[in-house]
Structure formats: structure tokens, C-alpha cells
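Remarks on the structure that follows.
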Amino acid sequence: MDKDYRQYSDEELIVRLRDGESGITEYLMNKYKNLVRSKAKSMYILGADNDDLIQEGMIGLFKALRDYDSGRDASFLTFADLCVSRQMYTAVQASRRQKHIPLNTYISLYGSVSTNYEGEQEELVNVLAARESQSPEEVVIDRENVVWLEKAIEQELSNFEKQVLDLYLTGMGYQQIAKVLGRDDKSTDNALHRIKTKLKKRLSRQHT
């Protein structure tokens, strides 16, 4: 007879999983499959196949079940979110290296992306504007300038800054970006500020 695990916390279930109780892995993998699907939707803008991303996300979720340590990590949900994001982003980077795809073919700043788990869509140029507490109307960028801006990103930003921008555009904050990339919060936050400063300067020069 199937057991009802809903009355237990994730952390309690993982203790029981470590003790060899069967059925818990399947329950938790099923419980968090929607988390994986939401992550896949946001990461899709980076150029990977959605089904591949879901598969990678489930691998990340399995690793979270295997590696979670309640004495070291935060809640299981937080740890699973990190593992899923890291697994997907690693797969995206590997795919890019194999295909040698330049920046402007896998990120369109006018592409629509999910900005939250509810799947609301927003153009990336507006995401950048909104994150700066500006209305989209305050940043006027036509399609010709988008191509120019993509080129500026390729030329101006370091590899680390490009990685930070990638994840920022999927809706992550600097703290989660830092965890996914294995960097500290301060260097990641500083990178975000540098990115915004560089792009604003390029935009201002373009319009003068």
C-alpha cells in the first residue's frame, strides 16, 4: 500500500531516505517536477531545448536528494532549487561550447521570457529597464539598437559578467546567481553593477 508522505517535511523524509526507506525518492521527485519545469521555461531563453533542460533539471533534483545535508544546507527546497539551476546552466554552457554559438544568436533582447513561476511574459529589454526602477518607456531601444547592444555585450563584458547577465535575465537575483556560479555574493553583485554601468554608457553614447 502506498504511504502518505504529505504529513512529513522534506527534511524528515530525507532522513528516512538515508535510512533506506523506499518510495521517498519517487515521491520527492514527483513533488518538485513543477519546479524543474518552471526553471526550464526561464532557462529556455539561453538557447537550450526545453525537453533537454527538463531532463537535466531532474538530474539536478536527484543530486539534491543525494547530497542534501540538513546540518549544512538551508531548506531542501532552497538546496533543490540551486541544484536544478546549476545542472541546467552547466548543460547550457556545454551545449554552447559544442555549437560555438555567438551571443546574438541565442539571446534576443526582444525575446519574451518567463519572469516568474506563474509564467508571465516580458521582453528582456523591459526586464533590464524594470530592474533599474524605470518604466519601459524610459529606455527607448529600437530593433537596430538591440542588435548593436547585443554586440556591445559580446565586446564589453567579461566571461563572468556574461554568465551573470545570462542568469539575471532568467529572473534570478544576485545571491542565487552567486550560488549557481559558485562565486561569492559581493563579486556577483559588483558584476551586476558593472554590467548595468557598461551597458548604460554604451546606450548613452549610441544616442548622442
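Every chain in the C-alpha cells has a letter given in the order shown (A, B, ...), and although residue numbers restart at 1 in each chain, ligands are simply numbered from 1 in the order shown.
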
Would you list the contacts of region 67-84 of chain A as number ranges by chain, taking every protein, DNA or RNA residue within 8 Å and counting only C-alpha atoms, but skipping same-chain residues closer than 4 positions in sequence?
A: 10-11, 35-36, 39, 56-61, 63, 88, 176, 179-180

For those residues, write all heavy atoms to a file as a CSV table (one decimal), in the first residue's frame.
chain,number,residue,atom,x,y,z
A,10,ASP,N,10.1,17.8,4.1
A,10,ASP,CA,11.1,17.2,3.2
A,10,ASP,C,12.3,16.7,4.0
A,10,ASP,O,12.9,15.7,3.7
A,10,ASP,CB,11.5,18.3,2.2
A,10,ASP,CG,10.4,18.7,1.3
A,10,ASP,OD1,9.5,17.9,1.1
A,10,ASP,OD2,10.5,19.8,0.7
A,11,GLU,N,12.7,17.5,5.0
A,11,GLU,CA,13.9,17.2,5.7
A,11,GLU,C,13.7,15.9,6.5
A,11,GLU,O,14.6,15.0,6.6
A,11,GLU,CB,14.2,18.3,6.7
A,11,GLU,CG,14.7,19.6,6.0
A,11,GLU,CD,13.5,20.4,5.3
A,11,GLU,OE1,12.3,20.2,5.7
A,11,GLU,OE2,13.8,21.1,4.4
A,35,LEU,N,8.8,22.5,-10.2
A,35,LEU,CA,9.9,23.4,-10.0
A,35,LEU,C,10.9,23.3,-11.2
A,35,LEU,O,11.3,24.3,-11.7
A,35,LEU,CB,10.6,23.1,-8.7
A,35,LEU,CG,12.0,23.8,-8.5
A,35,LEU,CD1,11.8,25.3,-8.3
A,35,LEU,CD2,12.7,23.2,-7.3
A,36,VAL,N,11.1,22.0,-11.6
A,36,VAL,CA,12.0,21.8,-12.7
A,36,VAL,C,11.4,22.4,-14.0
A,36,VAL,O,12.1,23.0,-14.8
A,36,VAL,CB,12.3,20.3,-12.9
A,36,VAL,CG1,13.0,20.0,-14.2
A,36,VAL,CG2,13.0,19.7,-11.7
A,39,LYS,N,11.8,26.2,-14.0
A,39,LYS,CA,13.2,26.5,-14.3
A,39,LYS,C,13.5,26.4,-15.7
A,39,LYS,O,14.2,27.2,-16.3
A,39,LYS,CB,14.1,25.7,-13.4
A,39,LYS,CG,14.2,26.0,-12.0
A,39,LYS,CD,14.9,27.3,-11.7
A,39,LYS,CE,14.9,27.7,-10.3
A,39,LYS,NZ,15.6,29.0,-10.0
A,56,GLU,N,17.8,17.6,-17.7
A,56,GLU,CA,18.9,18.0,-16.8
A,56,GLU,C,18.4,18.4,-15.5
A,56,GLU,O,19.1,18.2,-14.5
A,56,GLU,CB,19.7,19.1,-17.5
A,56,GLU,CG,20.4,18.7,-18.8
A,56,GLU,CD,21.6,17.8,-18.5
A,56,GLU,OE1,22.1,17.8,-17.4
A,56,GLU,OE2,22.0,17.1,-19.4
A,57,GLY,N,17.3,19.1,-15.4
A,57,GLY,CA,16.8,19.6,-14.1
A,57,GLY,C,16.4,18.4,-13.2
A,57,GLY,O,16.6,18.5,-12.0
A,58,MET,N,15.9,17.3,-13.8
A,58,MET,CA,15.5,16.2,-13.0
A,58,MET,C,16.8,15.5,-12.5
A,58,MET,O,16.8,15.0,-11.3
A,58,MET,CB,14.7,15.2,-13.8
A,58,MET,CG,13.3,15.7,-14.2
A,58,MET,SD,12.3,16.2,-12.8
A,58,MET,CE,11.8,14.7,-12.1
A,59,ILE,N,17.9,15.5,-13.3
A,59,ILE,CA,19.2,15.0,-12.8
A,59,ILE,C,19.6,15.9,-11.6
A,59,ILE,O,20.1,15.4,-10.6
A,59,ILE,CB,20.2,15.1,-13.9
A,59,ILE,CG1,19.9,14.0,-15.0
A,59,ILE,CG2,21.6,14.8,-13.4
A,59,ILE,CD1,20.7,14.1,-16.2
A,60,GLY,N,19.5,17.2,-11.7
A,60,GLY,CA,19.9,18.1,-10.6
A,60,GLY,C,19.0,17.9,-9.4
A,60,GLY,O,19.6,17.9,-8.3
A,61,LEU,N,17.8,17.6,-9.6
A,61,LEU,CA,16.9,17.3,-8.4
A,61,LEU,C,17.3,16.0,-7.8
A,61,LEU,O,17.4,15.9,-6.5
A,61,LEU,CB,15.4,17.2,-8.9
A,61,LEU,CG,14.4,16.9,-7.9
A,61,LEU,CD1,14.4,17.9,-6.7
A,61,LEU,CD2,13.0,16.8,-8.5
A,63,LYS,N,20.3,14.8,-7.7
A,63,LYS,CA,21.6,15.1,-7.0
A,63,LYS,C,21.3,15.8,-5.7
A,63,LYS,O,22.0,15.6,-4.7
A,63,LYS,CB,22.5,16.0,-7.9
A,63,LYS,CG,23.1,15.2,-9.0
A,63,LYS,CD,24.0,16.1,-9.9
A,63,LYS,CE,24.7,15.4,-11.0
A,63,LYS,NZ,25.6,16.3,-11.8
A,88,MET,N,21.1,22.8,-15.0
A,88,MET,CA,20.6,23.3,-16.2
A,88,MET,C,21.6,24.2,-16.9
A,88,MET,O,21.9,24.2,-18.1
A,88,MET,CB,19.3,24.0,-16.0
A,88,MET,CG,18.1,23.1,-15.8
A,88,MET,SD,16.6,24.0,-15.7
A,88,MET,CE,15.4,22.7,-15.4
A,176,GLN,N,21.3,34.2,-5.7
A,176,GLN,CA,21.1,32.9,-6.4
A,176,GLN,C,22.1,32.7,-7.5
A,176,GLN,O,22.7,31.6,-7.7
A,176,GLN,CB,19.7,32.7,-6.9
A,176,GLN,CG,19.5,31.3,-7.4
A,176,GLN,CD,18.0,31.0,-7.8
A,176,GLN,OE1,17.3,31.9,-8.0
A,176,GLN,NE2,17.7,29.7,-8.0
A,179,LYS,N,25.4,31.6,-6.1
A,179,LYS,CA,25.4,30.2,-5.7
A,179,LYS,C,25.5,29.3,-7.0
A,179,LYS,O,26.2,28.3,-7.0
A,179,LYS,CB,24.1,29.8,-4.9
A,179,LYS,CG,24.1,30.4,-3.5
A,179,LYS,CD,22.8,30.0,-2.8
A,179,LYS,CE,22.9,30.4,-1.3
A,179,LYS,NZ,22.8,31.9,-1.2
A,180,VAL,N,24.8,29.6,-8.0
A,180,VAL,CA,24.8,28.8,-9.2
A,180,VAL,C,26.2,28.8,-9.8
A,180,VAL,O,26.7,27.8,-10.3
A,180,VAL,CB,23.8,29.3,-10.3
A,180,VAL,CG1,24.0,28.6,-11.6
A,180,VAL,CG2,22.4,29.0,-9.8

Quick one: everything within 10 Å of Thr25 (chain A), counting only C-alpha atoms, minus sequence neighbours fewer than 2 positions away in the same chain. Send it as a PDB file with all heavy atoms, in the first residue's frame.
ATOM      1  N   LEU A  13      11.677  13.452   5.588  1.00  0.00           N
ATOM      2  CA  LEU A  13      11.655  12.383   4.597  1.00  0.00           C
ATOM      3  C   LEU A  13      13.062  11.996   4.150  1.00  0.00           C
ATOM      4  O   LEU A  13      13.352  10.815   3.923  1.00  0.00           O
ATOM      5  CB  LEU A  13      10.819  12.800   3.384  1.00  0.00           C
ATOM      6  CG  LEU A  13       9.309  12.873   3.621  1.00  0.00           C
ATOM      7  CD1 LEU A  13       8.605  13.426   2.384  1.00  0.00           C
ATOM      8  CD2 LEU A  13       8.747  11.495   3.974  1.00  0.00           C
ATOM      9  N   ILE A  14      13.940  12.985   4.044  1.00  0.00           N
ATOM     10  CA  ILE A  14      15.297  12.674   3.593  1.00  0.00           C
ATOM     11  C   ILE A  14      16.050  11.878   4.653  1.00  0.00           C
ATOM     12  O   ILE A  14      16.855  10.996   4.338  1.00  0.00           O
ATOM     13  CB  ILE A  14      16.037  13.960   3.194  1.00  0.00           C
ATOM     14  CG1 ILE A  14      15.412  14.490   1.896  1.00  0.00           C
ATOM     15  CG2 ILE A  14      17.530  13.714   3.008  1.00  0.00           C
ATOM     16  CD1 ILE A  14      15.944  15.799   1.423  1.00  0.00           C
ATOM     17  N   LEU A  17      14.889   8.540   4.039  1.00  0.00           N
ATOM     18  CA  LEU A  17      15.503   8.049   2.808  1.00  0.00           C
ATOM     19  C   LEU A  17      16.910   7.527   3.080  1.00  0.00           C
ATOM     20  O   LEU A  17      17.303   6.466   2.574  1.00  0.00           O
ATOM     21  CB  LEU A  17      15.547   9.177   1.775  1.00  0.00           C
ATOM     22  CG  LEU A  17      16.219   8.871   0.423  1.00  0.00           C
ATOM     23  CD1 LEU A  17      15.476   7.766  -0.314  1.00  0.00           C
ATOM     24  CD2 LEU A  17      16.295  10.137  -0.419  1.00  0.00           C
ATOM     25  N   GLU A  21      14.498   3.786   3.415  1.00  0.00           N
ATOM     26  CA  GLU A  21      13.066   3.599   3.138  1.00  0.00           C
ATOM     27  C   GLU A  21      12.770   3.845   1.661  1.00  0.00           C
ATOM     28  O   GLU A  21      13.117   4.902   1.116  1.00  0.00           O
ATOM     29  CB  GLU A  21      12.237   4.538   4.008  1.00  0.00           C
ATOM     30  CG  GLU A  21      10.741   4.307   3.878  1.00  0.00           C
ATOM     31  CD  GLU A  21       9.940   5.077   4.931  1.00  0.00           C
ATOM     32  OE1 GLU A  21      10.510   5.391   6.002  1.00  0.00           O
ATOM     33  OE2 GLU A  21       8.776   5.359   4.657  1.00  0.00           O
ATOM     34  N   SER A  22      12.126   2.904   1.028  1.00  0.00           N
ATOM     35  CA  SER A  22      11.827   3.020  -0.403  1.00  0.00           C
ATOM     36  C   SER A  22      10.578   3.882  -0.614  1.00  0.00           C
ATOM     37  O   SER A  22       9.752   4.033   0.281  1.00  0.00           O
ATOM     38  CB  SER A  22      11.605   1.637  -1.013  1.00  0.00           C
ATOM     39  OG  SER A  22      10.485   1.007  -0.410  1.00  0.00           O
ATOM     40  N   GLY A  23      10.468   4.434  -1.803  1.00  0.00           N
ATOM     41  CA  GLY A  23       9.299   5.219  -2.167  1.00  0.00           C
ATOM     42  C   GLY A  23       9.474   6.707  -1.987  1.00  0.00           C
ATOM     43  O   GLY A  23       8.765   7.506  -2.612  1.00  0.00           O
ATOM     44  N   TYR A  27       8.534   9.969  -4.550  1.00  0.00           N
ATOM     45  CA  TYR A  27       7.593  10.976  -4.057  1.00  0.00           C
ATOM     46  C   TYR A  27       8.167  12.384  -4.199  1.00  0.00           C
ATOM     47  O   TYR A  27       7.495  13.294  -4.701  1.00  0.00           O
ATOM     48  CB  TYR A  27       7.256  10.695  -2.594  1.00  0.00           C
ATOM     49  CG  TYR A  27       6.505  11.823  -1.922  1.00  0.00           C
ATOM     50  CD1 TYR A  27       5.153  12.038  -2.160  1.00  0.00           C
ATOM     51  CD2 TYR A  27       7.170  12.706  -1.060  1.00  0.00           C
ATOM     52  CE1 TYR A  27       4.467  13.082  -1.559  1.00  0.00           C
ATOM     53  CE2 TYR A  27       6.494  13.754  -0.452  1.00  0.00           C
ATOM     54  CZ  TYR A  27       5.140  13.945  -0.707  1.00  0.00           C
ATOM     55  OH  TYR A  27       4.475  14.987  -0.119  1.00  0.00           O
ATOM     56  N   LEU A  28       9.412  12.584  -3.768  1.00  0.00           N
ATOM     57  CA  LEU A  28      10.009  13.918  -3.804  1.00  0.00           C
ATOM     58  C   LEU A  28      10.324  14.350  -5.243  1.00  0.00           C
ATOM     59  O   LEU A  28      10.204  15.538  -5.571  1.00  0.00           O
ATOM     60  CB  LEU A  28      11.266  13.962  -2.941  1.00  0.00           C
ATOM     61  CG  LEU A  28      11.013  13.910  -1.433  1.00  0.00           C
ATOM     62  CD1 LEU A  28      12.329  13.810  -0.663  1.00  0.00           C
ATOM     63  CD2 LEU A  28      10.218  15.125  -0.955  1.00  0.00           C
ATOM     64  N   MET A  29      10.733  13.415  -6.092  1.00  0.00           N
ATOM     65  CA  MET A  29      10.970  13.754  -7.493  1.00  0.00           C
ATOM     66  C   MET A  29       9.669  14.227  -8.144  1.00  0.00           C
ATOM     67  O   MET A  29       9.663  15.192  -8.922  1.00  0.00           O
ATOM     68  CB  MET A  29      11.523  12.543  -8.240  1.00  0.00           C
ATOM     69  CG  MET A  29      12.914  12.109  -7.814  1.00  0.00           C
ATOM     70  SD  MET A  29      14.248  13.220  -8.340  1.00  0.00           S
ATOM     71  CE  MET A  29      14.374  12.814 -10.080  1.00  0.00           C
ATOM     72  N   ASN A  30       8.578  13.574  -7.828  1.00  0.00           N
ATOM     73  CA  ASN A  30       7.285  13.972  -8.368  1.00  0.00           C
ATOM     74  C   ASN A  30       6.810  15.298  -7.766  1.00  0.00           C
ATOM     75  O   ASN A  30       6.236  16.144  -8.468  1.00  0.00           O
ATOM     76  CB  ASN A  30       6.249  12.876  -8.096  1.00  0.00           C
ATOM     77  CG  ASN A  30       4.919  13.154  -8.769  1.00  0.00           C
ATOM     78  OD1 ASN A  30       4.814  13.183  -9.989  1.00  0.00           O
ATOM     79  ND2 ASN A  30       3.883  13.365  -7.960  1.00  0.00           N
ATOM     80  N   LYS A  31       7.077  15.477  -6.486  1.00  0.00           N
ATOM     81  CA  LYS A  31       6.649  16.700  -5.794  1.00  0.00           C
ATOM     82  C   LYS A  31       7.279  17.942  -6.414  1.00  0.00           C
ATOM     83  O   LYS A  31       6.628  18.994  -6.526  1.00  0.00           O
ATOM     84  CB  LYS A  31       7.021  16.612  -4.309  1.00  0.00           C
ATOM     85  CG  LYS A  31       6.658  17.849  -3.506  1.00  0.00           C
ATOM     86  CD  LYS A  31       7.021  17.678  -2.037  1.00  0.00           C
ATOM     87  CE  LYS A  31       6.695  18.935  -1.234  1.00  0.00           C
ATOM     88  NZ  LYS A  31       7.032  18.777   0.210  1.00  0.00           N
ATOM     89  N   PHE A  62      17.676  14.981  -8.553  1.00  0.00           N
ATOM     90  CA  PHE A  62      18.156  13.723  -7.981  1.00  0.00           C
ATOM     91  C   PHE A  62      19.447  13.951  -7.187  1.00  0.00           C
ATOM     92  O   PHE A  62      19.624  13.392  -6.096  1.00  0.00           O
ATOM     93  CB  PHE A  62      18.396  12.695  -9.085  1.00  0.00           C
ATOM     94  CG  PHE A  62      18.903  11.380  -8.568  1.00  0.00           C
ATOM     95  CD1 PHE A  62      18.020  10.459  -8.005  1.00  0.00           C
ATOM     96  CD2 PHE A  62      20.253  11.068  -8.612  1.00  0.00           C
ATOM     97  CE1 PHE A  62      18.488   9.243  -7.505  1.00  0.00           C
ATOM     98  CE2 PHE A  62      20.724   9.863  -8.122  1.00  0.00           C
ATOM     99  CZ  PHE A  62      19.840   8.951  -7.565  1.00  0.00           C
ATOM    100  N   LEU A  65      18.637  15.341  -3.817  1.00  0.00           N
ATOM    101  CA  LEU A  65      18.210  14.284  -2.887  1.00  0.00           C
ATOM    102  C   LEU A  65      19.403  13.511  -2.356  1.00  0.00           C
ATOM    103  O   LEU A  65      19.463  13.155  -1.171  1.00  0.00           O
ATOM    104  CB  LEU A  65      17.257  13.325  -3.592  1.00  0.00           C
ATOM    105  CG  LEU A  65      15.852  13.844  -3.899  1.00  0.00           C
ATOM    106  CD1 LEU A  65      15.107  12.860  -4.793  1.00  0.00           C
ATOM    107  CD2 LEU A  65      15.069  14.082  -2.624  1.00  0.00           C
ATOM    108  N   ARG A  66      20.360  13.283  -3.214  1.00  0.00           N
ATOM    109  CA  ARG A  66      21.539  12.505  -2.831  1.00  0.00           C
ATOM    110  C   ARG A  66      22.463  13.282  -1.887  1.00  0.00           C
ATOM    111  O   ARG A  66      23.023  12.714  -0.947  1.00  0.00           O
ATOM    112  CB  ARG A  66      22.317  12.125  -4.101  1.00  0.00           C
ATOM    113  CG  ARG A  66      23.564  11.299  -3.871  1.00  0.00           C
ATOM    114  CD  ARG A  66      24.409  11.253  -5.132  1.00  0.00           C
ATOM    115  NE  ARG A  66      24.931  12.589  -5.476  1.00  0.00           N
ATOM    116  CZ  ARG A  66      25.535  12.875  -6.630  1.00  0.00           C
ATOM    117  NH1 ARG A  66      25.657  11.948  -7.560  1.00  0.00           N
ATOM    118  NH2 ARG A  66      25.992  14.101  -6.845  1.00  0.00           N
TER     119      ARG A  66
END

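Separating CA of Lys200 (chain A) from CA of Gly182 (chain A) is a distance of 27.1 Å.
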
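With distances restricted to only C-alpha atoms, A:Gly171 is the closest residue to Lys41 (chain A) from A:Glu156, A:Asp184, A:Ile177, A:Gly171.
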
For Phe160 (chain A), work out the shell of residues within 12 Å, counting only C-alpha atoms and skipping chain neighbours fewer than 2 positions away, then give it as a PyMOL selection string.
chain A and resi 153-154+156-158+162-167+177-178+181-183+187-192+194-195

Could you dump the residues just selected with N, CA and C atoms as an mmCIF file, in the first residue's frame?
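The resulting file, again04.cif, is shown below:
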data_model
loop_
_atom_site.group_PDB
_atom_site.id
_atom_site.type_symbol
_atom_site.label_atom_id
_atom_site.label_comp_id
_atom_site.auth_asym_id
_atom_site.auth_seq_id
_atom_site.Cartn_x
_atom_site.Cartn_y
_atom_site.Cartn_z
ATOM 1 N N ILE A 153 27.407 43.777 -25.702
ATOM 2 C CA ILE A 153 27.531 42.793 -24.616
ATOM 3 C C ILE A 153 28.690 41.848 -24.900
ATOM 4 N N GLU A 154 28.789 41.400 -26.144
ATOM 5 C CA GLU A 154 29.857 40.475 -26.528
ATOM 6 C C GLU A 154 31.231 41.122 -26.381
ATOM 7 N N GLU A 156 32.023 44.113 -24.589
ATOM 8 C CA GLU A 156 32.322 44.853 -23.363
ATOM 9 C C GLU A 156 32.429 43.971 -22.123
ATOM 10 N N LEU A 157 31.667 42.892 -22.067
ATOM 11 C CA LEU A 157 31.558 42.138 -20.823
ATOM 12 C C LEU A 157 32.565 40.999 -20.766
ATOM 13 N N SER A 158 33.076 40.762 -19.567
ATOM 14 C CA SER A 158 33.944 39.610 -19.344
ATOM 15 C C SER A 158 33.110 38.335 -19.378
ATOM 16 N N LYS A 162 29.140 37.992 -18.509
ATOM 17 C CA LYS A 162 28.156 37.402 -19.425
ATOM 18 C C LYS A 162 27.356 36.305 -18.733
ATOM 19 N N GLN A 163 28.037 35.498 -17.914
ATOM 20 C CA GLN A 163 27.335 34.450 -17.175
ATOM 21 C C GLN A 163 26.344 35.058 -16.193
ATOM 22 N N VAL A 164 26.773 36.113 -15.508
ATOM 23 C CA VAL A 164 25.884 36.791 -14.555
ATOM 24 C C VAL A 164 24.675 37.371 -15.284
ATOM 25 N N LEU A 165 24.904 38.007 -16.421
ATOM 26 C CA LEU A 165 23.804 38.584 -17.197
ATOM 27 C C LEU A 165 22.851 37.499 -17.680
ATOM 28 N N ASP A 166 23.411 36.389 -18.158
ATOM 29 C CA ASP A 166 22.578 35.254 -18.560
ATOM 30 C C ASP A 166 21.551 34.909 -17.491
ATOM 31 N N LEU A 167 22.042 34.684 -16.302
ATOM 32 C CA LEU A 167 21.183 34.205 -15.209
ATOM 33 C C LEU A 167 20.287 35.320 -14.687
ATOM 34 N N ILE A 177 22.356 33.779 -8.254
ATOM 35 C CA ILE A 177 23.361 33.720 -9.314
ATOM 36 C C ILE A 177 24.713 33.315 -8.729
ATOM 37 N N ALA A 178 25.063 33.915 -7.596
ATOM 38 C CA ALA A 178 26.338 33.603 -6.953
ATOM 39 C C ALA A 178 26.437 32.127 -6.609
ATOM 40 N N LEU A 181 26.845 29.952 -9.822
ATOM 41 C CA LEU A 181 28.166 30.073 -10.436
ATOM 42 C C LEU A 181 29.303 29.737 -9.473
ATOM 43 N N GLY A 182 28.970 29.487 -8.206
ATOM 44 C CA GLY A 182 29.999 29.156 -7.236
ATOM 45 C C GLY A 182 30.873 30.338 -6.871
ATOM 46 N N ARG A 183 30.307 31.531 -6.876
ATOM 47 C CA ARG A 183 31.039 32.751 -6.531
ATOM 48 C C ARG A 183 30.417 33.363 -5.286
ATOM 49 N N SER A 187 31.091 39.688 -5.151
ATOM 50 C CA SER A 187 31.648 39.774 -6.501
ATOM 51 C C SER A 187 30.539 39.687 -7.546
ATOM 52 N N THR A 188 29.496 38.921 -7.248
ATOM 53 C CA THR A 188 28.382 38.807 -8.192
ATOM 54 C C THR A 188 27.576 40.096 -8.242
ATOM 55 N N ASP A 189 27.312 40.682 -7.080
ATOM 56 C CA ASP A 189 26.593 41.958 -7.039
ATOM 57 C C ASP A 189 27.395 43.049 -7.741
ATOM 58 N N ASN A 190 28.702 43.052 -7.516
ATOM 59 C CA ASN A 190 29.567 44.024 -8.190
ATOM 60 C C ASN A 190 29.531 43.831 -9.702
ATOM 61 N N ALA A 191 29.503 42.577 -10.141
ATOM 62 C CA ALA A 191 29.443 42.299 -11.577
ATOM 63 C C ALA A 191 28.150 42.848 -12.178
ATOM 64 N N LEU A 192 27.034 42.694 -11.457
ATOM 65 C CA LEU A 192 25.765 43.240 -11.939
ATOM 66 C C LEU A 192 25.839 44.751 -12.095
ATOM 67 N N ARG A 194 28.549 46.512 -12.599
ATOM 68 C CA ARG A 194 29.424 46.803 -13.742
ATOM 69 C C ARG A 194 28.687 46.617 -15.058
ATOM 70 N N ILE A 195 27.903 45.548 -15.153
ATOM 71 C CA ILE A 195 27.140 45.277 -16.378
ATOM 72 C C ILE A 195 26.208 46.448 -16.680
#

Considering only C-alpha atoms, return as a PyMOL selection string whatever protein or nucleic-acid residues lie within 9 Å of Arg37 (chain A), sequence-local ones (same chain, fewer than 5 positions apart) excluded.
chain A and resi 32+42+50+53-54+57

Generate a file of the selected residues that holds N, CA, C and O atoms, formatted as a PDB file, in the first residue's frame.
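As a result, again-v3.pdb now contains:
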ATOM      1  N   TYR A  32       8.536  17.830  -6.841  1.00  0.00           N
ATOM      2  CA  TYR A  32       9.266  19.006  -7.321  1.00  0.00           C
ATOM      3  C   TYR A  32       9.440  19.047  -8.835  1.00  0.00           C
ATOM      4  O   TYR A  32      10.217  19.856  -9.345  1.00  0.00           O
ATOM      5  N   SER A  42      12.335  29.353 -17.778  1.00  0.00           N
ATOM      6  CA  SER A  42      13.151  30.560 -17.653  1.00  0.00           C
ATOM      7  C   SER A  42      14.509  30.392 -18.327  1.00  0.00           C
ATOM      8  O   SER A  42      15.035  31.319 -18.932  1.00  0.00           O
ATOM      9  N   ASN A  50      13.897  22.695 -24.543  1.00  0.00           N
ATOM     10  CA  ASN A  50      13.136  22.635 -23.295  1.00  0.00           C
ATOM     11  C   ASN A  50      13.118  21.227 -22.699  1.00  0.00           C
ATOM     12  O   ASN A  50      13.276  21.056 -21.491  1.00  0.00           O
ATOM     13  N   LEU A  53      16.383  20.501 -21.112  1.00  0.00           N
ATOM     14  CA  LEU A  53      16.519  21.218 -19.846  1.00  0.00           C
ATOM     15  C   LEU A  53      15.758  20.513 -18.729  1.00  0.00           C
ATOM     16  O   LEU A  53      16.242  20.433 -17.593  1.00  0.00           O
ATOM     17  N   ILE A  54      14.558  20.026 -19.032  1.00  0.00           N
ATOM     18  CA  ILE A  54      13.784  19.304 -18.025  1.00  0.00           C
ATOM     19  C   ILE A  54      14.535  18.055 -17.583  1.00  0.00           C
ATOM     20  O   ILE A  54      14.617  17.749 -16.388  1.00  0.00           O
ATOM     21  N   GLY A  57      17.289  19.104 -15.431  1.00  0.00           N
ATOM     22  CA  GLY A  57      16.752  19.553 -14.148  1.00  0.00           C
ATOM     23  C   GLY A  57      16.400  18.393 -13.237  1.00  0.00           C
ATOM     24  O   GLY A  57      16.628  18.457 -12.020  1.00  0.00           O
TER      25      GLY A  57
END

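In this model, the gap between CA of Glu26 (chain A) and CA of Ala64 (chain A) comes to 13.2 Å.
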
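Pairwise distance (CA of Ala48 (chain A), CA of Arg96 (chain A)) equals 8.7 Å.
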
Which of these residues is nearest to Gln155 (chain A), using only C-alpha atoms: A:Ser38, A:Asp51, A:Leu169, A:Lys198?
A:Lys198
